[in-house]
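*Asks:* So that you have it, the file is input.txt, and it contains compact mmCIF, C-alpha atoms and all ligand atoms:
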```txt
# COMPACT_ATOMS: atom_id res chain seq x y z
CA MET A 1 -4.57 11.96 -53.01
CA ILE A 2 -5.26 13.57 -49.65
CA PRO A 3 -7.64 12.43 -46.88
CA VAL A 4 -11.10 13.97 -46.62
CA ALA A 5 -10.19 15.75 -43.38
CA GLU A 6 -7.22 17.44 -45.03
CA ALA A 7 -9.34 18.51 -48.03
CA LEU A 8 -11.94 20.01 -45.69
CA SER A 9 -9.28 21.75 -43.66
CA ARG A 10 -7.81 23.38 -46.80
CA ILE A 11 -11.25 24.62 -47.85
CA SER A 12 -12.08 25.84 -44.35
CA ARG A 13 -9.37 28.51 -44.59
CA LEU A 14 -11.47 30.51 -47.08
CA GLN A 15 -12.35 33.97 -45.85
CA PRO A 16 -15.93 35.25 -45.92
CA LEU A 17 -17.12 37.56 -48.69
CA GLY A 18 -18.18 41.07 -47.73
CA THR A 19 -21.09 41.99 -45.51
CA GLU A 20 -24.40 43.69 -46.16
CA ALA A 21 -27.41 44.74 -44.13
CA VAL A 22 -30.79 43.07 -44.65
CA PRO A 23 -34.18 43.97 -43.17
CA LEU A 24 -34.81 41.74 -40.15
CA PRO A 25 -37.86 39.95 -41.63
CA GLU A 26 -35.61 38.76 -44.48
CA ALA A 27 -32.78 37.55 -42.23
CA GLN A 28 -33.85 33.94 -41.76
CA GLY A 29 -31.30 31.64 -43.43
CA ARG A 30 -28.65 34.38 -43.56
CA VAL A 31 -25.34 34.18 -41.69
CA LEU A 32 -24.74 36.85 -39.07
CA ALA A 33 -21.66 38.97 -39.69
CA ARG A 34 -21.63 40.40 -36.14
CA GLU A 35 -22.87 39.04 -32.85
CA ILE A 36 -26.15 40.39 -31.52
CA ARG A 37 -26.25 41.39 -27.85
CA ALA A 38 -29.24 42.21 -25.68
CA ASP A 39 -29.51 45.97 -25.23
CA CYS A 40 -31.81 45.62 -22.20
CA ASP A 41 -32.81 43.08 -19.57
CA TRP A 42 -35.53 40.53 -20.33
CA PRO A 43 -38.12 40.82 -19.02
CA PRO A 44 -37.37 44.55 -19.02
CA PHE A 45 -39.41 45.16 -15.81
CA GLU A 46 -41.15 43.20 -13.04
CA THR A 47 -44.29 41.91 -14.69
CA SER A 48 -47.27 39.64 -14.16
CA ALA A 49 -47.42 36.24 -15.86
CA MET A 50 -51.21 35.95 -15.32
CA ASP A 51 -54.36 38.03 -15.15
CA GLY A 52 -54.79 38.29 -11.38
CA TYR A 53 -54.13 40.21 -8.20
CA ALA A 54 -50.78 41.48 -7.01
CA VAL A 55 -50.53 41.03 -3.25
CA LEU A 56 -48.25 41.21 -0.21
CA LEU A 57 -47.55 37.77 1.25
CA SER A 58 -48.49 38.89 4.77
CA ASP A 59 -52.05 39.59 3.53
CA VAL A 60 -52.68 36.13 2.05
CA ALA A 61 -51.43 33.72 4.70
CA THR A 62 -54.75 31.79 4.72
CA PRO A 63 -57.15 30.98 1.87
CA GLY A 64 -60.37 32.97 1.58
CA VAL A 65 -59.14 36.35 2.87
CA TRP A 66 -60.94 39.47 1.71
CA LEU A 67 -58.80 42.43 0.56
CA SER A 68 -59.79 45.83 -0.74
CA GLU A 69 -59.32 46.13 -4.49
CA ARG A 70 -57.50 49.17 -5.84
CA GLY A 71 -59.79 51.25 -8.04
CA THR A 72 -57.66 51.04 -11.19
CA THR A 73 -56.65 47.89 -13.02
CA VAL A 74 -53.09 47.82 -14.37
CA GLY A 75 -52.81 46.62 -17.96
CA ALA A 76 -49.85 45.84 -20.24
CA GLY A 77 -48.31 49.11 -21.41
CA ASP A 78 -49.38 51.10 -18.32
CA PRO A 79 -46.73 52.91 -16.28
CA PRO A 80 -45.53 51.12 -13.11
CA PRO A 81 -48.19 51.45 -10.40
CA ALA A 82 -47.70 52.71 -6.85
CA PRO A 83 -46.69 50.20 -4.13
CA ILE A 84 -49.33 47.97 -2.53
CA VAL A 85 -50.53 49.12 0.86
CA PRO A 86 -51.27 46.45 3.50
CA GLY A 87 -54.74 44.95 3.04
CA GLU A 88 -54.84 45.91 -0.64
CA ALA A 89 -54.92 43.80 -3.82
CA VAL A 90 -54.03 45.37 -7.18
CA ARG A 91 -55.76 43.90 -10.21
CA VAL A 92 -53.07 43.30 -12.89
CA MET A 93 -53.32 41.84 -16.38
CA THR A 94 -50.71 39.62 -18.06
CA GLY A 95 -47.68 41.68 -19.09
CA ALA A 96 -48.59 44.60 -16.80
CA PRO A 97 -45.84 46.24 -14.72
CA LEU A 98 -46.14 45.38 -11.02
CA PRO A 99 -46.01 47.51 -7.90
CA GLU A 100 -42.38 47.31 -6.71
CA ASN A 101 -43.33 45.50 -3.49
CA ALA A 102 -45.63 42.87 -5.08
CA ALA A 103 -44.67 39.44 -3.70
CA ALA A 104 -47.00 37.23 -5.77
CA VAL A 105 -49.93 37.28 -8.16
CA VAL A 106 -53.08 35.28 -7.41
CA PRO A 107 -54.80 34.33 -10.71
CA VAL A 108 -58.32 35.74 -11.33
CA GLU A 109 -59.54 32.15 -11.55
CA GLN A 110 -58.83 31.85 -7.82
CA SER A 111 -60.66 35.05 -6.83
CA ARG A 112 -64.14 36.51 -6.39
CA ARG A 113 -64.94 40.25 -6.64
CA GLU A 114 -67.71 41.92 -4.73
CA GLY A 115 -68.35 45.65 -4.17
CA GLY A 116 -64.79 46.98 -4.17
CA ARG A 117 -63.43 43.93 -2.37
CA VAL A 118 -61.92 40.70 -3.61
CA ARG A 119 -61.69 37.26 -1.98
CA LEU A 120 -58.53 35.29 -2.74
CA ASP A 121 -58.93 31.53 -2.49
CA ALA A 122 -55.26 30.54 -2.87
CA VAL A 123 -52.22 30.95 -0.65
CA PRO A 124 -49.51 31.86 -3.16
CA ALA A 125 -45.87 31.00 -2.75
CA GLU A 126 -43.45 33.91 -2.84
CA GLY A 127 -42.87 34.94 -6.44
CA ALA A 128 -45.86 33.01 -7.82
CA HIS A 129 -46.80 34.18 -11.33
CA LEU A 130 -44.27 37.02 -11.27
CA ARG A 131 -41.65 37.51 -13.93
CA HIS A 132 -38.56 39.21 -12.60
CA ARG A 133 -36.63 41.82 -14.50
CA GLY A 134 -33.61 40.19 -16.19
CA GLU A 135 -34.51 36.64 -15.12
CA SER A 136 -34.08 35.39 -18.69
CA ILE A 137 -31.58 37.84 -20.20
CA VAL A 138 -29.26 40.40 -18.64
CA ALA A 139 -28.46 43.44 -20.79
CA GLY A 140 -25.21 42.91 -22.69
CA THR A 141 -25.57 39.12 -23.03
CA VAL A 142 -24.65 37.68 -26.46
CA LEU A 143 -27.92 36.39 -27.89
CA LEU A 144 -26.63 35.27 -31.29
CA PRO A 145 -22.97 34.74 -32.20
CA ALA A 146 -21.43 35.92 -35.45
CA GLY A 147 -21.21 33.09 -37.99
CA ARG A 148 -24.60 31.65 -37.12
CA ARG A 149 -27.15 30.92 -39.84
CA MET A 150 -30.32 32.50 -38.50
CA THR A 151 -33.43 30.47 -37.80
CA GLY A 152 -36.95 31.83 -37.47
CA THR A 153 -36.68 32.03 -33.68
CA ASP A 154 -33.29 33.75 -34.00
CA VAL A 155 -35.17 36.47 -35.87
CA ALA A 156 -37.37 36.90 -32.79
CA LEU A 157 -34.32 37.20 -30.52
CA ALA A 158 -32.75 39.76 -32.84
CA ALA A 159 -36.02 41.72 -32.80
CA MET A 160 -35.92 41.78 -28.99
CA ALA A 161 -32.47 43.29 -29.22
CA GLY A 162 -33.59 45.93 -31.72
CA ALA A 163 -31.34 44.56 -34.48
CA ASP A 164 -32.92 45.79 -37.70
CA PRO A 165 -31.42 45.88 -40.27
CA VAL A 166 -29.21 42.87 -39.56
CA PRO A 167 -25.52 42.69 -40.58
CA VAL A 168 -25.03 39.49 -42.59
CA PHE A 169 -22.40 38.09 -44.93
CA ARG A 170 -23.00 38.31 -48.65
CA ARG A 171 -24.28 35.12 -50.23
CA PRO A 172 -21.87 33.37 -52.59
CA ARG A 173 -22.92 33.50 -56.23
CA ILE A 174 -22.60 30.08 -57.81
CA THR A 175 -22.49 29.00 -61.43
CA ILE A 176 -23.16 25.35 -62.20
CA ALA A 177 -21.69 23.97 -65.41
CA VAL A 178 -22.08 20.32 -66.36
CA THR A 179 -19.65 18.79 -68.80
CA GLY A 180 -19.85 15.74 -71.04
CA ASN A 181 -20.54 15.07 -74.71
CA GLU A 182 -23.15 12.50 -73.70
CA ILE A 183 -25.23 14.91 -71.61
CA VAL A 184 -28.40 16.38 -73.11
CA PRO A 185 -30.83 18.86 -71.55
CA VAL A 186 -33.73 17.53 -69.48
CA SER A 187 -36.19 18.56 -72.19
CA ALA A 188 -34.49 16.39 -74.82
CA ARG A 189 -35.04 12.70 -75.50
CA PRO A 190 -31.60 11.12 -75.23
CA GLY A 191 -30.28 9.58 -78.46
CA PRO A 192 -28.01 6.52 -78.55
CA GLY A 193 -25.22 6.85 -75.98
CA GLN A 194 -26.72 10.00 -74.48
CA LEU A 195 -28.26 10.72 -71.10
CA ARG A 196 -30.18 13.52 -69.53
CA ASP A 197 -28.48 16.00 -67.25
CA SER A 198 -29.52 15.18 -63.71
CA ASN A 199 -26.54 16.78 -61.96
CA GLY A 200 -27.25 20.35 -63.09
CA PRO A 201 -30.80 20.49 -61.70
CA MET A 202 -29.74 18.53 -58.59
CA LEU A 203 -26.89 20.91 -57.77
CA ALA A 204 -29.10 23.94 -58.43
CA ALA A 205 -31.69 22.51 -56.03
CA LEU A 206 -29.08 21.76 -53.35
CA CYS A 207 -27.80 25.34 -53.63
CA GLN A 208 -31.32 26.69 -53.46
CA GLU A 209 -31.96 24.70 -50.27
CA ARG A 210 -29.22 26.78 -48.63
CA GLY A 211 -30.32 30.06 -50.14
CA TRP A 212 -27.33 30.36 -52.50
CA PRO A 213 -28.23 31.96 -55.79
CA ALA A 214 -27.18 29.48 -58.47
CA ARG A 215 -27.13 29.93 -62.24
CA LEU A 216 -27.22 26.88 -64.49
CA ALA A 217 -24.87 27.45 -67.45
CA PRO A 218 -25.33 25.64 -70.79
CA ARG A 219 -23.73 22.19 -70.96
CA VAL A 220 -20.01 22.23 -71.79
CA ALA A 221 -18.76 19.75 -74.41
CA ASP A 222 -15.60 17.71 -73.77
CA GLU A 223 -13.53 19.84 -76.14
CA THR A 224 -10.33 21.54 -75.06
CA GLY A 225 -11.31 24.93 -76.51
CA ARG A 226 -14.73 24.87 -74.93
CA VAL A 227 -13.42 23.85 -71.51
CA GLU A 228 -10.65 26.46 -71.64
CA ARG A 229 -13.24 29.14 -72.40
CA LEU A 230 -15.22 28.06 -69.32
CA PHE A 231 -12.21 28.76 -67.09
CA ALA A 232 -11.14 31.91 -68.94
CA GLU A 233 -14.58 33.41 -68.29
CA ALA A 234 -14.93 32.12 -64.73
CA GLY A 235 -15.35 34.79 -62.05
CA ARG A 236 -17.35 37.26 -64.14
CA GLU A 237 -20.66 36.34 -62.57
CA GLU A 238 -19.75 33.94 -59.80
CA ASP A 239 -17.69 33.50 -56.65
CA LEU A 240 -17.78 29.73 -57.04
CA LEU A 241 -17.83 27.71 -60.24
CA LEU A 242 -19.29 24.27 -59.60
CA THR A 243 -18.75 21.77 -62.40
CA SER A 244 -19.78 18.17 -62.87
CA GLY A 245 -17.74 15.61 -64.76
CA GLY A 246 -14.43 15.74 -66.56
CA VAL A 247 -12.12 15.53 -63.54
CA SER A 248 -11.08 11.85 -63.56
CA ALA A 249 -8.28 10.22 -65.50
CA GLY A 250 -10.10 9.49 -68.77
CA ASP A 251 -9.18 10.77 -72.23
CA PHE A 252 -12.01 13.31 -72.09
CA ASP A 253 -11.43 14.54 -68.54
CA LEU A 254 -10.07 17.90 -69.56
CA LEU A 255 -10.95 20.19 -66.66
CA PRO A 256 -7.95 20.15 -64.28
CA ARG A 257 -5.42 20.84 -67.03
CA ALA A 258 -7.58 23.59 -68.57
CA ALA A 259 -8.03 25.20 -65.16
CA GLU A 260 -4.29 25.28 -64.58
CA LYS A 261 -3.71 26.69 -68.05
CA ALA A 262 -6.18 29.47 -67.23
CA GLY A 263 -4.21 30.41 -64.13
CA PHE A 264 -6.09 28.45 -61.47
CA GLU A 265 -3.96 27.12 -58.65
CA ILE A 266 -4.88 23.55 -57.72
CA VAL A 267 -5.61 23.30 -53.97
CA PHE A 268 -6.26 19.59 -54.31
CA HIS A 269 -7.15 17.08 -56.99
CA GLY A 270 -8.01 13.61 -55.73
CA VAL A 271 -9.35 12.75 -52.30
CA SER A 272 -9.06 9.36 -50.67
CA MET A 273 -12.77 8.60 -50.54
CA ARG A 274 -15.45 6.44 -52.13
CA PRO A 275 -17.37 7.72 -53.99
CA GLY A 276 -15.87 11.01 -55.10
CA LYS A 277 -12.16 10.28 -55.51
CA PRO A 278 -11.47 12.60 -58.51
CA VAL A 279 -12.92 15.76 -56.90
CA ALA A 280 -10.84 18.90 -57.53
CA PHE A 281 -10.66 22.26 -55.81
CA SER A 282 -8.79 25.23 -57.08
CA ARG A 283 -8.70 29.04 -57.09
CA ARG A 284 -7.65 32.05 -59.13
CA GLY A 285 -7.76 35.20 -57.02
CA ASP A 286 -11.26 35.46 -55.59
CA THR A 287 -12.72 32.90 -57.99
CA LEU A 288 -13.07 29.34 -56.78
CA TRP A 289 -13.60 26.21 -58.79
CA LEU A 290 -14.92 22.99 -57.30
CA GLY A 291 -14.88 20.15 -59.82
CA LEU A 292 -17.33 17.43 -58.83
CA PRO A 293 -17.18 13.99 -60.43
CA GLY A 294 -19.92 13.28 -62.98
CA ASN A 295 -21.41 10.21 -61.38
CA PRO A 296 -24.58 11.53 -59.79
CA VAL A 297 -24.06 9.98 -56.34
CA SER A 298 -20.41 11.09 -56.28
CA ALA A 299 -21.49 14.61 -57.25
CA ALA A 300 -24.07 14.67 -54.46
CA VAL A 301 -21.71 13.30 -51.80
CA CYS A 302 -19.01 15.78 -52.83
CA PHE A 303 -21.56 18.58 -52.73
CA HIS A 304 -22.46 17.74 -49.13
CA LEU A 305 -18.83 17.50 -48.09
CA PHE A 306 -16.97 20.10 -50.13
CA ALA A 307 -19.40 22.50 -51.83
CA ARG A 308 -21.17 23.15 -48.54
CA GLU A 309 -17.83 23.75 -46.84
CA ALA A 310 -16.64 26.12 -49.60
CA ALA A 311 -19.81 28.14 -50.15
CA GLY A 312 -20.57 28.04 -46.42
CA ARG A 313 -17.15 29.52 -45.54
CA LEU A 314 -17.58 32.21 -48.21
CA GLU A 315 -20.82 33.03 -46.46
CA GLY A 316 -19.08 33.22 -43.08
CA ASP A 317 -20.93 30.17 -41.73
CA ALA A 318 -19.01 28.90 -38.68
CA HIS A 319 -20.61 25.43 -39.01
CA PRO A 320 -21.11 24.82 -42.73
CA GLY A 321 -21.10 21.03 -42.81
CA ALA A 322 -23.87 18.47 -42.48
CA SER A 323 -24.75 17.65 -38.87
CA LEU A 324 -23.27 14.45 -37.46
CA ILE A 325 -25.01 11.75 -35.49
CA THR A 326 -23.92 8.44 -34.02
CA ALA A 327 -26.26 5.59 -34.95
CA ARG A 328 -26.51 1.84 -34.53
CA LEU A 329 -26.21 -0.25 -37.71
CA SER A 330 -29.32 -2.27 -38.51
CA ARG A 331 -27.19 -4.75 -40.46
CA GLY A 332 -23.52 -5.55 -40.81
CA LEU A 333 -21.06 -3.90 -43.20
CA LYS A 334 -18.05 -5.37 -44.95
CA ALA A 335 -14.55 -4.22 -44.04
CA GLY A 336 -13.59 -0.86 -45.56
CA GLY A 337 -10.70 -0.45 -47.99
CA PRO A 338 -7.91 2.12 -47.90
CA ARG A 339 -10.29 4.95 -48.83
CA GLU A 340 -12.89 6.51 -46.53
CA VAL A 341 -16.39 5.39 -47.55
CA TYR A 342 -19.59 7.47 -47.58
CA ARG A 343 -22.43 5.02 -47.76
CA ASP A 344 -26.05 5.95 -48.61
CA ALA A 345 -28.28 5.16 -45.65
CA LEU A 346 -31.59 5.76 -43.97
CA TRP A 347 -31.50 6.82 -40.34
CA GLU A 348 -34.35 7.04 -37.90
CA SER A 349 -34.74 7.62 -34.23
CA ALA A 350 -36.33 4.59 -32.59
CA GLY A 351 -36.74 3.64 -28.95
CA GLY A 352 -34.53 6.44 -27.71
CA GLU A 353 -31.61 5.78 -30.04
CA CYS A 354 -30.61 6.41 -33.64
CA ARG A 355 -30.64 3.44 -35.99
CA VAL A 356 -29.24 3.47 -39.50
CA GLU A 357 -29.80 1.12 -42.38
CA PRO A 358 -27.22 1.01 -45.19
CA LEU A 359 -29.09 1.07 -48.52
CA SER A 360 -28.37 -1.40 -51.29
CA SER A 361 -26.99 0.43 -54.22
CA PHE A 362 -25.52 -0.61 -57.55
CA GLY A 363 -22.88 2.09 -57.20
CA SER A 364 -22.23 5.76 -57.69
CA HIS A 365 -24.55 5.98 -60.71
CA ASP A 366 -27.48 4.61 -58.69
CA LEU A 367 -29.44 7.78 -58.12
CA LYS A 368 -32.54 5.76 -57.38
CA ALA A 369 -31.00 4.15 -54.30
CA TYR A 370 -29.41 7.43 -53.26
CA ALA A 371 -32.70 9.32 -53.52
CA ARG A 372 -34.00 7.33 -50.54
CA ALA A 373 -31.04 8.23 -48.35
CA ASN A 374 -31.25 10.79 -45.57
CA ALA A 375 -27.76 10.12 -44.24
CA LEU A 376 -24.28 9.03 -45.27
CA ILE A 377 -22.51 6.53 -43.06
CA ARG A 378 -18.85 7.53 -42.74
CA ILE A 379 -16.67 4.42 -42.70
CA PRO A 380 -13.04 5.29 -41.89
CA SER A 381 -10.26 3.94 -44.10
CA GLY A 382 -9.09 0.50 -43.01
CA SER A 383 -12.25 -0.11 -40.97
CA PRO A 384 -12.78 -3.77 -40.02
CA ALA A 385 -16.08 -5.47 -40.88
CA LEU A 386 -18.84 -4.09 -38.66
CA GLU A 387 -21.56 -6.24 -37.14
CA ALA A 388 -25.20 -5.25 -36.86
CA GLY A 389 -25.55 -3.14 -33.72
CA SER A 390 -22.15 -1.42 -34.12
CA LEU A 391 -22.11 2.34 -33.65
CA VAL A 392 -21.23 4.37 -36.72
CA GLU A 393 -20.91 8.07 -37.51
CA CYS A 394 -23.37 9.51 -40.02
CA LEU A 395 -23.78 12.81 -41.84
CA VAL A 396 -27.39 13.92 -41.92
CA ILE A 397 -28.01 15.05 -45.49
CA ARG A 398 -31.76 15.48 -45.51
CA GLU A 399 -34.17 16.48 -42.78
CA GLY A 400 -37.88 15.99 -42.80
CA ALA A 401 -39.07 14.37 -46.01
CA PRO A 402 -40.20 10.75 -45.62
CA PRO A 403 -38.12 8.05 -47.33
CA LEU A 404 -39.14 7.23 -50.88
CA ALA A 405 -40.74 3.83 -51.28
CA LEU A 406 -39.79 2.82 -54.82
CA GLU A 407 -40.47 -0.21 -56.96
CA SER A 408 -37.46 -2.31 -57.78
CA ALA A 409 -36.30 -2.42 -61.40
CA THR A 410 -36.49 -6.19 -61.69
P1 LIG A 501 -17.24 11.80 -65.65
O1 LIG A 501 -16.95 12.23 -64.26
O2 LIG A 501 -17.31 12.96 -66.60
O3 LIG A 501 -16.31 10.75 -66.09
O4 LIG A 501 -18.67 11.16 -65.60
C1 LIG A 501 -18.90 10.01 -64.84
C2 LIG A 501 -20.24 9.42 -65.15
O5 LIG A 501 -21.24 10.32 -64.74
C3 LIG A 501 -20.51 9.14 -66.59
O6 LIG A 501 -21.14 7.88 -66.71
C4 LIG A 501 -21.40 10.26 -67.01
O7 LIG A 501 -22.24 9.91 -68.08
C5 LIG A 501 -22.17 10.55 -65.77
N1 LIG A 501 -22.56 11.97 -65.77
C6 LIG A 501 -21.72 12.99 -66.02
N2 LIG A 501 -22.35 14.15 -65.97
C7 LIG A 501 -23.65 13.86 -65.67
C8 LIG A 501 -24.82 14.68 -65.49
N3 LIG A 501 -24.76 16.02 -65.61
N4 LIG A 501 -25.97 14.07 -65.21
C9 LIG A 501 -26.02 12.72 -65.08
N5 LIG A 501 -24.95 11.91 -65.25
C10 LIG A 501 -23.78 12.47 -65.55
MG MG A 502 -17.47 13.19 -68.59
```
Please express the file's structure as structure tokens.
Ligand code: AMP
Ligand code: MG

*Replies:*
Amino acid sequence: MIPVAEALSRISRLQPLGTEAVPLPEAQGRVLAREIRADCDWPPFETSAMDGYAVLLSDVATPGVWLSERGTTVGAGDPPPAPIVPGEAVRVMTGAPLPENAAAVVPVEQSRREGGRVRLDAVPAEGAHLRHRGESIVAGTVLLPAGRRMTGTDVALAAMAGADPVPVFRRPRITIAVTGNEIVPVSARPGPGQLRDSNGPMLAALCQERGWPARLAPRVADETGRVERLFAEAGREEDLLLTSGGVSAGDFDLLPRAAEKAGFEIVFHGVSMRPGKPVAFSRRGDTLWLGLPGNPVSAAVCFHLFAREAAGRLEGDAHPGASLITARLSRGLKAGGPREVYRDALWESAGGECRVEPLSSFGSHDLKAYARANALIRIPSGSPALEAGSLVECLVIREGAPPLALESAT
């Protein structure tokens, strides 16, 4: 067994898949393969921030002065106008280029026009309502680094820089295969000893959340031949094979041996964590296999830790993991054992700090408790008991959705 940090570090060495170009409007959620730099200053020219009058400061030293208004108004998109002559005000609209000697703009709201003249009722400070060329961005600045997953506003920055199409890394193709003789499809009514497959749909949904195309394969029975066929065929349609179940030490946990027999090289099998101890990671050439434990909560926790790291690195994501926060415990926690613990929890921001409540769960099969969680508290191995109010580190696993208020079973 290796520590979680070591497992993550081994996965993090994966190299990104190839690159491709996508039209800019489709780039949100994709990982940039090359940095994007500004190809011009921003703003690109001296411009007005208001509809108003461009003036020389010497002409507007007192409120209520009358100036002669230039005959033409300058609008956005017009060529740069001639310099202001003393005693003159130039009517400019928002986004219009300014005369090169404009010192300030007085908003129209603070003016009155009358027969070719205008009265300005404000004494502007130097630079008032002007936007200077390059004040926000100087040409050549890196706007977006390579390895960044693009947000909607990143798309706007890339547009400013003329980046269309956008160079991005290829998305990893994922196949999800659940194993277990007891597992029946969601559409079936489970017979004695059977249960419905919740891991397959859950893993597909978690992949979808990150934009990774995932295919759900038919359930694999716990039979040596069937499991060996899974590994023999792996890599035809996927970069990453994600399985659930069959990786622990039971009589029917056939996956690690079958993977090795099919030529996969085990990168690790067994991580010192709770839940999720039996998780396995292995590769054959360009094909990766991540074997998640079958218990639904273990599968989910291992997805957030290891599947996101693996698929994220394949996609060139420089920060593939869940974001981390430090939060104050709302109630105490017992001392941790030798393994690192990932505990379902609800975090919220209250009164200027993050608070986190560990959820009561029956264990790693308790999907109902886990479904309420929006964070996992990370409790280091050998941690002493923690009192309410202690600061703990948490992985944020869900943003946005409100916590589920569920009835208790009893
Ligand atoms: P395993 O890792 O194969 O030993 O499975 C551990 C536990 O998880 C068993 O109780 C399984 O019934 C359960 N389990 C395995 N696969 C799934 C699945 N796809 N959906 C829901 N529960 C599962
Ligand atoms: Mg099983």

*Asks:* Select the residues contacting ligand MG 502 (chain A) at a distance of at most 8 Å, based on only C-alpha atoms and all ligand atoms, then format the selection as a PyMOL selection string.

*Replies:* chain A and resi 179-182+222+244-247+252-253+294

*Asks:* Neighbours of ligand LIG 501 (chain A) at 10 Å or closer, counting all atoms listed in the file: which residues, as a count of residues only?

*Replies:* 52

*Asks:* I'd like to know which of A:Thr224, A:Gln208, A:Thr141, A:Ser282 is closest to Arg10 in chain A, using all atoms listed in the file.

*Replies:*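 Closest candidate: A:Ser282.
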
*Asks:* Which one of A:His129, A:Arg274, A:Arg378, A:Arg283 sits closest to Glu260 in chain A if you count all atoms listed in the file?

*Replies:*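 Closest residue, counting all atoms listed in the file: A:Arg283.
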
*Asks:* Grab the CA of Ala369 in chain A to CA of Arg355 in chain A distance for me, in Å with one decimal place.

*Replies:*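 Straight-line distance from CA of Ala369 in chain A to CA of Arg355 in chain A works out to 18.3 Å.
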
*Asks:* Please identify every residue of range 100-172 of chain A that has at least one atom no farther than 10 Å from an atom of range 11-16 of chain A, counting all atoms listed in the file, and for each give the shortest atom pair and the distance in Å to one decimal, arranged by chain then increasing number, as CSV.

*Replies:*
```
residue,atom,partner,partner_atom,distance
A:Gly147,CA,A:Pro16,CA,9.8
A:Phe169,CA,A:Pro16,CA,7.1
A:Arg170,CA,A:Pro16,CA,8.2
A:Arg171,CA,A:Pro16,CA,9.4
A:Pro172,CA,A:Pro16,CA,9.1
```

*Asks:* How about saving the chosen residues, C-alpha atoms kept, as a tab-separated table (two decimals), keeping the file's coordinate frame?

*Replies:*
```
chain	number	residue	atom	x	y	z
A	147	GLY	CA	-21.21	33.09	-37.99
A	169	PHE	CA	-22.40	38.09	-44.93
A	170	ARG	CA	-23.00	38.31	-48.65
A	171	ARG	CA	-24.28	35.12	-50.23
A	172	PRO	CA	-21.87	33.37	-52.59
```

*Asks:* For range 43-49 of chain A, please output as a PDB file with C-alpha atoms, in the coordinates of the input all residues within 12 Å (counting only C-alpha atoms; exclusion window: fewer than 5 positions along the same chain).

*Replies:*
```
ATOM      1  CA  ALA A  38     -29.240  42.210 -25.680  1.00  0.00           C
ATOM      2  CA  ALA A  54     -50.780  41.480  -7.010  1.00  0.00           C
ATOM      3  CA  VAL A  55     -50.530  41.030  -3.250  1.00  0.00           C
ATOM      4  CA  VAL A  74     -53.090  47.820 -14.370  1.00  0.00           C
ATOM      5  CA  GLY A  75     -52.810  46.620 -17.960  1.00  0.00           C
ATOM      6  CA  ALA A  76     -49.850  45.840 -20.240  1.00  0.00           C
ATOM      7  CA  GLY A  77     -48.310  49.110 -21.410  1.00  0.00           C
ATOM      8  CA  ASP A  78     -49.380  51.100 -18.320  1.00  0.00           C
ATOM      9  CA  PRO A  79     -46.730  52.910 -16.280  1.00  0.00           C
ATOM     10  CA  PRO A  80     -45.530  51.120 -13.110  1.00  0.00           C
ATOM     11  CA  PRO A  81     -48.190  51.450 -10.400  1.00  0.00           C
ATOM     12  CA  VAL A  90     -54.030  45.370  -7.180  1.00  0.00           C
ATOM     13  CA  ARG A  91     -55.760  43.900 -10.210  1.00  0.00           C
ATOM     14  CA  VAL A  92     -53.070  43.300 -12.890  1.00  0.00           C
ATOM     15  CA  MET A  93     -53.320  41.840 -16.380  1.00  0.00           C
ATOM     16  CA  THR A  94     -50.710  39.620 -18.060  1.00  0.00           C
ATOM     17  CA  GLY A  95     -47.680  41.680 -19.090  1.00  0.00           C
ATOM     18  CA  ALA A  96     -48.590  44.600 -16.800  1.00  0.00           C
ATOM     19  CA  PRO A  97     -45.840  46.240 -14.720  1.00  0.00           C
ATOM     20  CA  LEU A  98     -46.140  45.380 -11.020  1.00  0.00           C
ATOM     21  CA  PRO A  99     -46.010  47.510  -7.900  1.00  0.00           C
ATOM     22  CA  GLU A 100     -42.380  47.310  -6.710  1.00  0.00           C
ATOM     23  CA  ASN A 101     -43.330  45.500  -3.490  1.00  0.00           C
ATOM     24  CA  ALA A 102     -45.630  42.870  -5.080  1.00  0.00           C
ATOM     25  CA  ALA A 103     -44.670  39.440  -3.700  1.00  0.00           C
ATOM     26  CA  ALA A 104     -47.000  37.230  -5.770  1.00  0.00           C
ATOM     27  CA  VAL A 105     -49.930  37.280  -8.160  1.00  0.00           C
ATOM     28  CA  VAL A 106     -53.080  35.280  -7.410  1.00  0.00           C
ATOM     29  CA  PRO A 107     -54.800  34.330 -10.710  1.00  0.00           C
ATOM     30  CA  VAL A 108     -58.320  35.740 -11.330  1.00  0.00           C
ATOM     31  CA  GLY A 127     -42.870  34.940  -6.440  1.00  0.00           C
ATOM     32  CA  ALA A 128     -45.860  33.010  -7.820  1.00  0.00           C
ATOM     33  CA  HIS A 129     -46.800  34.180 -11.330  1.00  0.00           C
ATOM     34  CA  LEU A 130     -44.270  37.020 -11.270  1.00  0.00           C
ATOM     35  CA  ARG A 131     -41.650  37.510 -13.930  1.00  0.00           C
ATOM     36  CA  HIS A 132     -38.560  39.210 -12.600  1.00  0.00           C
ATOM     37  CA  ARG A 133     -36.630  41.820 -14.500  1.00  0.00           C
ATOM     38  CA  GLY A 134     -33.610  40.190 -16.190  1.00  0.00           C
ATOM     39  CA  GLU A 135     -34.510  36.640 -15.120  1.00  0.00           C
ATOM     40  CA  SER A 136     -34.080  35.390 -18.690  1.00  0.00           C
ATOM     41  CA  ILE A 137     -31.580  37.840 -20.200  1.00  0.00           C
ATOM     42  CA  VAL A 138     -29.260  40.400 -18.640  1.00  0.00           C
ATOM     43  CA  ALA A 139     -28.460  43.440 -20.790  1.00  0.00           C
ATOM     44  CA  MET A 160     -35.920  41.780 -28.990  1.00  0.00           C
ATOM     45  CA  ALA A 161     -32.470  43.290 -29.220  1.00  0.00           C
TER      46      ALA A 161
END
```
